[in-house]
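Raw contents of work-v9.cif, mmCIF, C-alpha atoms:
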data_final
loop_
_atom_site.label_atom_id
_atom_site.label_comp_id
_atom_site.auth_asym_id
_atom_site.auth_seq_id
_atom_site.Cartn_x
_atom_site.Cartn_y
_atom_site.Cartn_z
CA MET A 229 10.35 17.45 -5.69
CA PRO A 230 8.42 14.53 -7.19
CA ILE A 231 8.72 11.01 -5.83
CA GLY A 232 7.12 8.42 -8.07
CA VAL A 233 5.84 5.14 -6.70
CA ALA A 234 4.96 2.24 -9.00
CA LEU A 235 2.15 0.16 -7.50
CA ASP A 236 3.18 -3.03 -9.24
CA ALA A 237 2.87 -6.49 -7.73
CA GLY A 238 5.25 -7.63 -10.47
CA GLY A 239 7.93 -5.38 -8.98
CA ALA A 240 10.88 -4.41 -11.13
CA GLY A 241 9.85 -7.11 -13.59
CA THR A 242 6.79 -5.15 -14.71
CA ALA A 243 7.60 -1.57 -13.64
CA GLY A 244 11.25 -1.63 -14.67
CA GLU A 245 10.83 -1.19 -18.41
CA TRP A 246 8.66 1.90 -17.88
CA ILE A 247 11.19 3.45 -15.49
CA ARG A 248 14.09 2.71 -17.82
CA ALA A 249 12.17 4.25 -20.72
CA ALA A 250 11.19 7.38 -18.77
CA GLN A 251 14.67 7.94 -17.26
CA PRO A 252 13.24 10.03 -14.41
CA THR A 253 15.44 12.66 -12.76
CA PHE A 254 13.68 12.07 -9.44
CA PRO A 255 13.34 8.97 -7.22
CA CYS A 256 11.07 6.39 -8.78
CA LEU A 257 10.29 3.67 -6.24
CA ILE A 258 8.73 0.25 -6.66
CA ASP A 259 5.93 -0.76 -4.30
CA GLU A 260 5.01 -4.36 -5.04
CA HIS A 261 2.93 -4.68 -1.87
CA HIS A 262 1.02 -1.37 -2.39
CA VAL A 263 2.25 -0.12 0.99
CA VAL A 264 1.94 3.54 -0.02
CA ALA A 265 -1.60 2.99 -1.30
CA ASP A 266 -2.62 1.48 2.04
CA LEU A 267 -0.94 4.25 4.03
CA TYR A 268 -2.43 7.08 1.98
CA GLY A 269 -5.83 5.63 1.08
CA MET A 270 -5.23 5.33 -2.67
CA THR A 271 -7.66 3.12 -4.57
CA ASN A 272 -6.41 3.76 -8.10
CA VAL A 273 -3.63 5.38 -10.10
CA PRO A 274 -2.64 8.06 -10.73
CA SER A 275 -3.04 9.43 -7.21
CA ALA A 276 -0.96 12.03 -5.45
CA VAL A 277 -0.49 13.64 -2.06
CA TRP A 278 1.45 16.81 -1.25
CA ILE A 279 3.80 16.63 1.72
CA ASP A 280 5.36 19.81 3.06
CA GLU A 281 8.86 20.48 4.37
CA ARG A 282 7.90 19.41 7.89
CA GLY A 283 6.62 16.08 6.64
CA HIS A 284 2.97 17.04 7.03
CA VAL A 285 0.23 16.61 4.45
CA ALA A 286 -0.43 19.85 2.52
CA ARG A 287 -3.05 18.30 0.22
CA ALA A 288 -4.61 14.95 0.97
CA THR A 289 -4.72 12.09 -1.54
CA GLU A 290 -6.49 12.92 -4.81
CA ASN A 291 -6.16 12.05 -8.47
CA CYS A 292 -3.84 14.18 -10.58
CA GLY A 293 -6.41 15.72 -12.89
CA SER A 294 -7.76 12.62 -14.59
CA SER A 295 -11.44 12.61 -15.52
CA ASP A 296 -14.10 10.06 -16.36
CA ALA A 297 -14.43 11.30 -19.96
CA TRP A 298 -12.57 8.24 -21.28
CA ARG A 299 -15.29 5.96 -19.90
CA PHE A 300 -17.78 7.42 -22.37
CA SER A 301 -15.58 8.09 -25.37
CA LEU A 302 -12.63 5.69 -25.49
CA ASP A 303 -12.53 3.39 -28.51
CA ARG A 304 -12.57 0.03 -26.75
CA ASP A 305 -11.01 -1.76 -29.72
CA THR A 306 -8.07 0.56 -30.31
CA GLY A 307 -7.72 2.12 -26.85
CA GLU A 308 -7.63 5.57 -28.46
CA LEU A 309 -9.30 8.71 -27.16
CA PRO A 310 -11.14 11.04 -29.56
CA PRO A 311 -9.27 14.36 -30.00
CA LYS A 312 -11.69 16.41 -27.87
CA ALA A 313 -11.51 13.95 -24.99
CA ALA A 314 -7.70 13.88 -25.26
CA ALA A 315 -7.64 17.68 -25.19
CA ASP A 316 -9.91 17.66 -22.12
CA ALA A 317 -7.55 15.24 -20.36
CA ALA A 318 -4.54 17.40 -21.24
CA ALA A 319 -6.31 20.54 -19.98
CA ARG A 320 -7.09 18.89 -16.65
CA GLN A 321 -3.52 17.74 -16.18
CA ARG A 322 -2.28 21.23 -17.04
CA VAL A 323 -4.46 22.78 -14.33
CA TYR A 324 -3.26 20.19 -11.83
CA PHE A 325 0.44 20.60 -12.60
CA ASP A 326 0.14 24.42 -12.65
CA ALA A 327 -1.17 24.07 -9.09
CA VAL A 328 1.78 21.82 -8.18
CA ARG A 329 4.24 24.36 -9.62
CA ASP A 330 2.56 27.17 -7.70
CA TRP A 331 2.99 25.17 -4.49
CA GLY A 332 6.60 24.48 -5.42
CA ARG A 333 7.27 28.21 -5.74
CA ARG A 334 5.15 29.59 -2.92
CA GLY A 335 5.04 26.76 -0.40
CA SER A 336 2.49 27.25 2.37
CA LYS A 337 1.45 30.58 0.82
CA SER A 338 0.09 28.79 -2.27
CA LYS A 339 -3.68 29.06 -2.53
CA HIS A 340 -3.72 25.37 -3.34
CA VAL A 341 -2.50 24.35 0.10
CA LEU A 342 -5.68 23.39 1.87
CA GLY A 343 -6.30 25.00 5.21
CA SER A 344 -9.14 22.84 6.39
CA ASP A 345 -8.61 19.89 8.68
CA ALA A 346 -10.11 17.59 6.06
CA GLY A 347 -7.81 18.72 3.28
CA ARG A 348 -4.62 18.58 5.32
CA SER A 349 -5.32 15.73 7.66
CA GLY A 350 -3.30 12.56 7.50
CA PRO A 351 -4.90 9.51 5.91
CA ALA A 352 -7.38 7.50 7.90
CA PRO A 353 -6.11 4.05 8.93
CA LEU A 354 -7.62 1.06 7.17
CA GLN A 355 -10.51 -0.51 9.04
CA GLY A 356 -12.66 -3.62 8.80
CA ASP A 357 -12.88 -5.24 5.38
CA GLU A 358 -10.38 -2.81 3.85
CA ALA A 359 -7.78 -3.73 6.48
CA ARG A 360 -8.46 -7.41 5.85
CA ALA A 361 -8.21 -6.84 2.08
CA ALA A 362 -4.80 -5.24 2.57
CA ALA A 363 -3.64 -8.30 4.54
CA CYS A 364 -4.96 -10.62 1.80
CA PHE A 365 -3.15 -8.54 -0.83
CA ARG A 366 0.11 -8.74 1.14
CA LEU A 367 -0.31 -12.50 1.37
CA ALA A 368 -0.87 -12.63 -2.41
CA THR A 369 2.24 -10.62 -3.26
CA HIS A 370 4.35 -12.80 -0.98
CA LEU A 371 2.99 -15.93 -2.66
CA LEU A 372 3.71 -14.39 -6.06
CA GLU A 373 7.31 -13.85 -5.01
CA ARG A 374 7.47 -17.53 -4.05
CA GLY A 375 6.04 -18.56 -7.40
CA SER A 376 2.73 -19.81 -5.96
CA ARG A 377 0.56 -18.14 -8.58
CA ALA A 378 -2.57 -20.19 -7.96
CA ARG A 379 -2.62 -19.31 -4.27
CA ALA A 380 -1.70 -15.70 -5.08
CA ARG A 381 -4.68 -15.54 -7.45
CA HIS A 382 -6.94 -16.91 -4.70
CA TRP A 383 -5.87 -14.20 -2.24
CA LEU A 384 -6.06 -11.44 -4.85
CA ARG A 385 -9.67 -12.51 -5.51
CA GLU A 386 -10.36 -12.46 -1.80
CA ALA A 387 -8.83 -8.98 -1.48
CA ALA A 388 -10.79 -7.69 -4.47
CA SER A 389 -14.07 -8.98 -3.08
CA LEU A 390 -13.39 -7.40 0.33
CA ALA A 391 -12.48 -4.02 -1.22
CA PRO A 392 -14.61 -3.71 -4.40
CA ARG A 393 -13.83 0.01 -4.77
CA SER A 394 -10.10 -0.66 -4.94
CA TRP A 395 -9.30 -0.63 -8.64
CA ARG A 396 -5.62 -1.16 -7.95
CA ILE A 397 -6.38 -4.52 -6.33
CA LYS A 398 -8.72 -5.80 -9.02
CA ARG A 399 -6.51 -4.59 -11.83
CA GLU A 400 -3.58 -6.49 -10.31
CA LEU A 401 -5.86 -9.54 -10.24
CA TRP A 402 -7.02 -9.10 -13.83
CA THR A 403 -3.53 -8.51 -15.25
CA LEU A 404 -1.97 -11.41 -13.33
CA ASP A 405 -2.76 -13.77 -16.20
CA ASP A 406 -2.90 -11.13 -18.92
CA PRO A 407 0.04 -8.79 -18.31
CA GLY A 408 0.21 -5.67 -20.42
CA ASN A 409 -3.51 -5.68 -21.20
CA LEU A 410 -4.89 -2.46 -19.68
CA PHE A 411 -8.44 -3.76 -20.05
CA ALA A 412 -7.83 -7.32 -18.85
CA GLY A 413 -10.35 -9.45 -16.98
CA ASP A 414 -13.63 -7.83 -16.02
CA PHE A 415 -12.34 -4.28 -16.46
CA TRP A 416 -15.09 -3.04 -18.78
CA ARG A 417 -17.80 -4.93 -16.92
CA ASP A 418 -16.87 -3.16 -13.67
CA VAL A 419 -16.38 0.22 -15.40
CA ASP A 420 -19.82 -0.01 -16.96
CA ALA A 421 -21.28 -1.03 -13.60
CA LEU A 422 -20.11 2.28 -12.09
CA GLY A 423 -23.15 4.09 -13.47
CA ASP A 424 -23.13 7.62 -12.07
CA GLU A 425 -20.35 6.86 -9.62
CA LEU A 426 -17.02 8.42 -10.53
CA TYR A 427 -13.97 6.36 -11.39
CA TYR A 428 -11.79 9.42 -10.72
CA GLU A 429 -13.01 11.80 -8.05
CA PRO A 430 -11.96 15.20 -9.48
CA PRO A 431 -9.46 17.24 -7.45
CA ALA A 432 -10.89 20.49 -6.05
CA ILE A 433 -8.57 22.94 -7.79
CA GLU A 434 -9.55 26.37 -9.07
CA GLY A 435 -9.81 26.36 -12.86
CA MET A 436 -10.36 22.60 -13.17
CA PRO A 437 -12.87 21.97 -16.00
CA PRO A 438 -16.24 20.51 -14.98
CA GLN A 439 -16.38 16.74 -14.71
CA ALA A 440 -17.56 14.86 -17.80
CA THR A 441 -20.86 13.05 -17.60
CA ARG A 442 -22.25 10.04 -19.35
CA ASP A 443 -23.99 12.31 -21.87
CA GLY A 444 -20.77 14.25 -22.52
CA ALA A 445 -21.33 14.10 -26.27
CA GLN A 446 -19.15 17.17 -26.72
CA LEU A 447 -16.16 14.94 -25.94
CA ASP A 448 -16.93 12.38 -28.60
CA GLY A 449 -15.58 14.24 -31.60
CA MET B 104 16.38 17.21 -7.99
CA ASN B 105 17.61 13.68 -8.04
CA ALA B 106 17.92 10.77 -5.68
CA SER B 107 21.52 11.61 -4.81
CA SER B 108 20.30 14.06 -2.17
CA ALA B 109 19.08 11.23 0.06
CA PRO B 110 21.17 10.67 3.17
CA SER B 111 23.75 7.96 2.62
CA ALA B 112 22.69 6.05 5.73
CA ALA B 113 19.35 5.27 4.13
CA ARG B 114 20.77 4.15 0.83
CA GLN B 115 21.32 0.51 1.60
CA PRO B 116 20.21 -2.36 -0.58
CA THR B 117 17.00 -4.00 0.58
CA GLN B 118 17.80 -6.71 3.11
CA ALA B 119 17.01 -10.37 2.70
CA PRO B 120 14.19 -11.87 4.77
CA LEU B 121 15.02 -12.28 8.43
CA SER B 122 14.51 -15.29 10.64
CA ALA B 123 13.27 -15.14 14.22
CA GLN B 124 14.91 -18.45 15.00
CA GLY B 125 18.04 -18.65 12.93
CA SER B 126 18.45 -20.48 9.66
CA HIS B 127 18.30 -24.04 10.87
CA GLY B 128 14.62 -24.80 10.41
CA PRO B 129 11.87 -25.15 12.99
CA ALA B 130 12.74 -24.40 16.59
CA ARG B 131 12.33 -26.85 19.43
CA LEU B 132 10.05 -25.40 22.04
CA SER B 133 9.35 -26.54 25.53
CA LEU B 134 5.62 -26.39 26.09
CA ARG B 135 4.25 -27.57 29.40
CA GLY B 136 7.53 -29.36 30.01
CA LYS B 137 7.19 -31.41 26.82
CA GLU B 138 9.58 -30.81 23.97
CA VAL B 139 7.80 -30.69 20.61
CA LEU B 140 8.98 -30.02 17.08
CA ASP B 141 6.70 -27.47 15.48
CA GLU B 142 5.98 -26.71 11.87
CA THR B 143 7.50 -23.65 10.33
CA THR B 144 5.31 -20.81 9.16
CA THR B 145 6.33 -17.64 7.35
CA LEU B 146 4.96 -14.67 9.28
CA ILE B 147 4.58 -11.25 7.70
CA TYR B 148 3.81 -8.81 10.47
CA GLU B 149 2.44 -5.51 9.16
CA ASP B 150 5.04 -3.90 6.88
CA ARG B 151 7.93 -5.95 8.26
CA ARG B 152 9.95 -8.42 6.26
CA PRO B 153 8.87 -12.07 6.33
CA ILE B 154 10.27 -14.16 9.17
CA LYS B 155 10.15 -17.88 9.91
CA ILE B 156 8.38 -18.85 13.10
CA SER B 157 7.14 -22.02 14.75
CA SER B 158 3.44 -22.65 14.50
CA GLY B 159 2.18 -24.45 17.56
CA GLU B 160 -0.89 -26.57 18.09
CA GLY B 161 -4.00 -25.60 16.13
CA HIS B 162 -3.80 -22.07 14.86
CA ASP B 163 -1.23 -20.88 17.37
CA LEU B 164 1.59 -18.76 15.98
CA ARG B 165 4.33 -18.60 18.53
CA ILE B 166 7.38 -16.42 18.69
CA ALA B 167 9.96 -16.33 21.44
CA ALA B 168 8.89 -13.81 24.09
CA ASP B 169 12.28 -12.12 23.96
CA GLN B 170 11.76 -11.57 20.20
CA LEU B 171 8.35 -9.93 20.59
CA THR B 172 9.54 -6.35 20.27
CA ALA B 173 11.99 -7.10 17.45
CA CYS B 174 9.33 -8.96 15.46
CA THR B 175 6.26 -6.83 16.15
CA GLY B 176 7.28 -3.59 17.82
CA TRP B 177 5.02 -4.42 20.78
CA GLU B 178 6.42 -4.66 24.28
CA LEU B 179 4.73 -6.58 27.07
CA ARG B 180 4.56 -4.37 30.15
CA PRO B 181 2.58 -4.58 33.39
CA GLU B 182 0.00 -2.18 31.89
CA GLY B 183 -0.42 -4.25 28.71
CA LEU B 184 1.00 -4.42 25.18
CA CYS B 185 2.66 -1.09 24.41
CA ARG B 186 4.04 0.48 21.26
CA SER B 187 4.77 4.09 20.31
CA GLY B 188 3.17 5.42 23.47
CA VAL B 189 -0.05 3.44 22.98
CA CYS B 190 -0.96 0.54 25.29
CA VAL B 191 -3.55 -2.19 24.70
CA PRO B 192 -4.95 -3.95 27.77
CA VAL B 193 -4.17 -7.65 28.13
CA PRO B 194 -6.41 -10.06 30.09
CA ALA B 195 -5.15 -10.44 33.62
CA ASP B 196 -4.22 -14.12 33.44
CA ARG B 197 -2.50 -13.74 30.05
CA ALA B 198 -2.79 -17.52 29.59
CA GLU B 199 -3.84 -17.36 25.95
CA LEU B 200 -1.18 -14.85 25.01
CA LEU B 201 1.75 -16.43 26.82
CA ASP B 202 2.56 -20.09 27.24
CA PRO B 203 2.72 -21.23 30.89
CA GLY B 204 6.49 -20.95 30.99
CA GLY B 205 6.35 -17.44 29.54
CA ALA B 206 8.85 -18.39 26.82
CA THR B 207 6.61 -17.75 23.82
CA VAL B 208 3.92 -15.32 22.76
CA ASN B 209 0.97 -16.37 20.58
CA VAL B 210 0.89 -13.86 17.71
CA ALA B 211 -2.65 -14.93 16.75
CA VAL B 212 -3.88 -13.79 20.17
CA LEU B 213 -1.73 -10.68 19.97
CA ALA B 214 -3.40 -9.77 16.65
CA GLU B 215 -6.86 -10.20 18.15
CA LEU B 216 -6.00 -8.03 21.15
CA CYS B 217 -4.59 -5.29 18.93
CA GLY B 218 -7.46 -5.34 16.42
CA GLN B 219 -5.32 -6.65 13.55
CA PRO B 220 -6.68 -8.76 10.67
CA LEU B 221 -4.94 -12.13 10.40
CA VAL B 222 -5.04 -14.14 7.19
CA ARG B 223 -3.21 -17.39 6.56
CA ASP B 224 -2.58 -19.69 3.66
CA ASP B 225 -2.58 -23.17 5.13
CA GLU B 226 -1.25 -24.76 1.93
CA GLN B 227 1.81 -22.58 1.75
CA HIS B 228 2.16 -22.00 5.51
CA VAL B 229 2.19 -18.22 5.25
CA CYS B 230 0.45 -15.88 7.64
CA VAL B 231 -0.04 -12.12 7.40
CA VAL B 232 -0.95 -9.93 10.34
CA GLY B 233 -2.25 -6.67 8.92
CA THR B 234 -2.17 -3.15 10.21
CA SER B 235 -3.61 -2.56 13.62
CA SER B 236 -6.58 -0.27 14.06
CA VAL B 237 -4.38 1.09 16.86
CA ALA B 238 -2.02 2.28 14.12
CA GLY B 239 -4.24 5.28 13.57
CA ILE B 240 -3.67 6.37 17.14
CA GLU B 241 0.04 5.76 16.78
CA GLY B 242 0.01 7.75 13.54
CA ALA B 243 -1.65 10.67 15.25
CA VAL B 244 1.11 10.60 17.88
CA ARG B 245 3.86 10.52 15.24
CA GLY B 246 2.45 13.07 12.79
CA PRO B 247 0.14 12.92 9.82
CA ALA B 248 2.34 11.86 6.86
CA PRO B 249 3.17 8.17 7.39
CA ASP B 250 6.73 7.17 6.61
CA PHE B 251 7.70 4.20 4.42
CA ALA B 252 10.78 2.65 2.86
CA LEU B 253 10.79 1.37 -0.73
CA PRO B 254 13.49 0.35 -3.19
CA ASP B 255 14.23 1.99 -6.52
CA LEU B 256 15.07 0.00 -9.64
CA GLU B 257 18.62 -0.56 -8.40
CA GLY B 258 17.36 -1.96 -5.10
CA ILE B 259 18.45 1.12 -3.15
CA GLU B 260 16.02 1.84 -0.33
CA HIS B 261 14.53 5.32 0.05
CA ARG B 262 12.50 6.57 2.98
CA LEU B 263 9.99 9.37 2.64
CA SER B 264 11.57 10.91 5.73
CA ASP B 265 14.91 11.09 3.88
CA TYR B 266 13.38 14.01 2.01
CA ARG B 267 12.23 16.01 5.03
CA GLY B 268 12.95 19.69 4.37
CA ARG B 269 11.71 19.43 0.77
CA ARG B 270 8.21 19.77 -0.61
CA VAL B 271 7.33 16.33 -1.93
CA LEU B 272 4.75 15.50 -4.59
CA LEU B 273 4.22 11.82 -3.82
CA PHE B 274 2.45 10.24 -6.77
CA THR B 275 1.60 6.70 -7.79
CA TRP B 276 1.38 5.03 -11.18
CA ALA B 277 1.40 1.42 -12.41
CA SER B 278 2.16 -0.70 -15.46
CA TRP B 279 -1.29 -2.32 -15.41
#
Would you mind writing the structure in this file as structure tokens?
Amino acid sequence: MPIGVALDAGGAGTAGEWIRAAQPTFPCLIDEHHVVADLYGMTNVPSAVWIDERGHVARATENCGSSDAWRFSLDRDTGELPPKAAADAAARQRVYFDAVRDWGRRGSKSKHVLGSDAGRSGPAPLQGDEARAAACFRLATHLLERGSRARARHWLREAASLAPRSWRIKRELWTLDDPGNLFAGDFWRDVDALGDELYYEPPAIEGMPPQATRDGAQLDG
Amino acid sequence: MNASSAPSAARQPTQAPLSAQGSHGPARLSLRGKEVLDETTTLIYEDRRPIKISSGEGHDLRIAADQLTACTGWELRPEGLCRSGVCVPVPADRAELLDPGGATVNVAVLAELCGQPLVRDDEQHVCVVGTSSVAGIEGAVRGPAPDFALPDLEGIEHRLSDYRGRRVLLFTWASW
């Protein structure tokens, strides 16, 4: 069964309209403090983890078939993907969700259940700067609840600087004063600064198309 | 599958913030025989709900010793601070951790002993003690998929462990 978790510092105020519109038939929870992200080592959305009947991890945290193709082909004015890039994204998601369905049917016999310690191990606990960033983020969300936006912004900045690879933290910071803008703040600056680093680490699933590259001209049309 | 399969015991509305010292403002503490009125600080300890505590002199964060386990999960035993089968050694004299009368525990010292980040907003008098590096050891003792409790849009709380016995695709998304 799916369990959705909205990583939204705005809580029901920002996630609610999406949940009401989607009318999910499964639990859709609201995580304004990003507790699940901290527990499962998620730095961006969408991310997913498979948990078996015994409550153990069957596949560790990974993205759900997203790729970096949009970085190179998205129209930054309209937010639209060219048809080939959109088809590539749909194909990746199909492969991912076929794997999920296979696991749903076959359980531990599914070839997608990872047998290695790395693939099935529980998430590593936060350490050092990442642990401190999580504490700063929790302070920020509490201050947001109290209406102290200026102090919340200060602690979000602190969290983002301590955990620069955490897109969920910086996107919460950037959208704090520009809600609803997917590309608010320094989004494109930081995306462009990625260079050859991936925004979405591709999930290792048989049949998943190769990852797009910066010169992925075939995705432009 | 829908949410109605969750056990009824877990389906309670999210509770309001708790107070470690009642709802009547800052507590009076007896420190070194002298009664002082401390400032009130909101303490958020790991994933627990915010509580009001008395902040002592300097950067002390004191909670009543008999509230230690309720507020933090840690228990002070002869062998040290213990939680979920894991114990952290405490210096023999314990003077920094406990006040001389033994009535209060300094959470700032507790955090340092347990390897927890501590961040505080001095303007708003809020302090967060983050997850302990010891939590990884505790997690290994409990099992690899960490449990959590979160509300749905109606404010009904769900725990991951409510769904034990099912295969769960736990996925995240966001409005941003």
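Every polymer residue reaching to within 6 Å of (3.6, 16.6, 9.1), counting all atoms listed in the file, appears in this list: Arg282, Gly283, His284 and Val285 of chain A; Gly246, Pro247 and Ala248 of chain B.
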Restricted to C-alpha atoms, what would the selected residues look like written as a tab-separated table (two decimals), keeping the file's coordinate frame?
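Okay, this is what ended up in out07.tsv:
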chain	number	residue	atom	x	y	z
A	282	ARG	CA	7.90	19.41	7.89
A	283	GLY	CA	6.62	16.08	6.64
A	284	HIS	CA	2.97	17.04	7.03
A	285	VAL	CA	0.23	16.61	4.45
B	246	GLY	CA	2.45	13.07	12.79
B	247	PRO	CA	0.14	12.92	9.82
B	248	ALA	CA	2.34	11.86	6.86
Could you produce a table of the residues of chain A lying within 6 Å of chain B, with the nearest pair of atoms per residue and their separation in Å rounded to one decimal, using all atoms listed in the file, ordered by chain and increasing residue number, as a tab-separated table?
residue	atom	partner	partner_atom	distance
A:Met229	CA	B:Val271	CA	5.0
A:Pro230	CA	B:Leu272	CA	4.6
A:Ile231	CA	B:Leu273	CA	5.0
A:Gly232	CA	B:Phe274	CA	5.2
A:Val233	CA	B:Thr275	CA	4.6
A:Ala234	CA	B:Ala277	CA	5.0
A:Leu235	CA	B:Ala277	CA	5.1
A:Asp236	CA	B:Ala277	CA	5.7
A:Ala243	CA	B:Ser278	CA	5.8
A:Thr253	CA	B:Asn105	CA	5.3
A:Phe254	CA	B:Asn105	CA	4.5
A:Pro255	CA	B:Ala106	CA	5.2
A:Cys256	CA	B:Asp255	CA	5.9
A:Leu257	CA	B:Asp255	CA	4.3
A:Ile258	CA	B:Asp255	CA	5.8
A:Val273	CA	B:Trp276	CA	5.1
A:Pro274	CA	B:Trp276	CA	5.1
A:Ser275	CA	B:Thr275	CA	5.4
A:Ala276	CA	B:Phe274	CA	4.1
A:Val277	CA	B:Leu273	CA	5.3
A:Trp278	CA	B:Leu272	CA	4.9
A:Ile279	CA	B:Val271	CA	5.1
A:Asp280	CA	B:Arg270	CA	4.6
A:Glu281	CA	B:Gly268	CA	4.2
A:Gly283	CA	B:Arg267	CA	5.8
A:His284	CA	B:Ala248	CA	5.2
A:Val285	CA	B:Ala248	CA	5.7
A:Gly350	CA	B:Pro247	CA	4.2
A:Pro353	CA	B:Gly239	CA	5.2
A:Arg360	CA	B:Pro220	CA	5.3
A:Ala363	CA	B:Gly233	CA	4.9
A:Leu410	CA	B:Trp279	CA	5.6
So what do you get for CA of Thr172 in chain B versus CA of Trp383 in chain A, distance-wise?
28.4 Å
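Rounded to one decimal, CA of Ala388 in chain A and CA of Ala368 in chain A lie 11.3 Å from each other.
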Carefully work through the PyMOL selection byres ((chain A and resi 404) around 9) for this structure and note down the residues it includes, as a ChimeraX atom specification.
/A:237-238,377,381,399-403,405-407
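Close contacts of Val212 in chain B, defined as residues with an atom at most 6 Å away when counting all atoms listed in the file, with chain neighbours fewer than 3 positions off set aside, comprise Leu200, Asn209 and Glu215 of chain B.
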Go ahead and compute the interatomic distance for CA of Arg366 in chain A and CA of His262 in chain A, in Å to one decimal.
8.2 Å
Name every residue that the PyMOL selection byres ((chain A and resi 323) around 9) selects in this structure, writing the answer as an mmCIF file with C-alpha atoms, in the coordinates of the input with chains first and numbers rising.
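Once everything was written out, this is selection26.cif:
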data_model
loop_
_atom_site.group_PDB
_atom_site.id
_atom_site.type_symbol
_atom_site.label_atom_id
_atom_site.label_comp_id
_atom_site.auth_asym_id
_atom_site.auth_seq_id
_atom_site.Cartn_x
_atom_site.Cartn_y
_atom_site.Cartn_z
ATOM 1 C CA GLY A 293 -6.410 15.720 -12.890
ATOM 2 C CA ALA A 318 -4.540 17.400 -21.240
ATOM 3 C CA ALA A 319 -6.310 20.540 -19.980
ATOM 4 C CA ARG A 320 -7.090 18.890 -16.650
ATOM 5 C CA GLN A 321 -3.520 17.740 -16.180
ATOM 6 C CA ARG A 322 -2.280 21.230 -17.040
ATOM 7 C CA TYR A 324 -3.260 20.190 -11.830
ATOM 8 C CA PHE A 325 0.440 20.600 -12.600
ATOM 9 C CA ASP A 326 0.140 24.420 -12.650
ATOM 10 C CA ALA A 327 -1.170 24.070 -9.090
ATOM 11 C CA VAL A 328 1.780 21.820 -8.180
ATOM 12 C CA ILE A 433 -8.570 22.940 -7.790
ATOM 13 C CA GLU A 434 -9.550 26.370 -9.070
ATOM 14 C CA GLY A 435 -9.810 26.360 -12.860
ATOM 15 C CA MET A 436 -10.360 22.600 -13.170
ATOM 16 C CA PRO A 437 -12.870 21.970 -16.000
#
Quick one: which residues end up in the PyMOL selection byres ((chain A and resi 268) around 8) for this structure, as a PDB file with C-alpha atoms, keeping the file's coordinate frame?
ATOM      1  CA  VAL A 264       1.940   3.540  -0.020  1.00  0.00           C
ATOM      2  CA  ALA A 265      -1.600   2.990  -1.300  1.00  0.00           C
ATOM      3  CA  ASP A 266      -2.620   1.480   2.040  1.00  0.00           C
ATOM      4  CA  LEU A 267      -0.940   4.250   4.030  1.00  0.00           C
ATOM      5  CA  GLY A 269      -5.830   5.630   1.080  1.00  0.00           C
ATOM      6  CA  MET A 270      -5.230   5.330  -2.670  1.00  0.00           C
ATOM      7  CA  VAL A 277      -0.490  13.640  -2.060  1.00  0.00           C
ATOM      8  CA  THR A 289      -4.720  12.090  -1.540  1.00  0.00           C
ATOM      9  CA  GLY A 350      -3.300  12.560   7.500  1.00  0.00           C
ATOM     10  CA  PRO A 351      -4.900   9.510   5.910  1.00  0.00           C
ATOM     11  CA  ALA A 352      -7.380   7.500   7.900  1.00  0.00           C
TER      12      ALA A 352
ATOM     13  CA  PRO B 249       3.170   8.170   7.390  1.00  0.00           C
TER      14      PRO B 249
END
Env of Val193 in chain B: 9 Å cut, atoms = only C-alpha atoms, seq-sep filter 5 positions within chain, self excluded. Answer as a count of residues only.
5
When distances are computed from all atoms listed in the file, which of A:Ala421, A:Leu390, A:Ala297, A:Leu426 shows the smallest separation from Phe365 in chain A?
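For Phe365 in chain A, the nearest of the candidates is A:Leu390.
The smallest atom-to-atom distance between Cys185 in chain B and any of B:Cys217, B:Asp265, B:Arg152, B:Ile166, using only C-alpha atoms, is found for B:Cys217.
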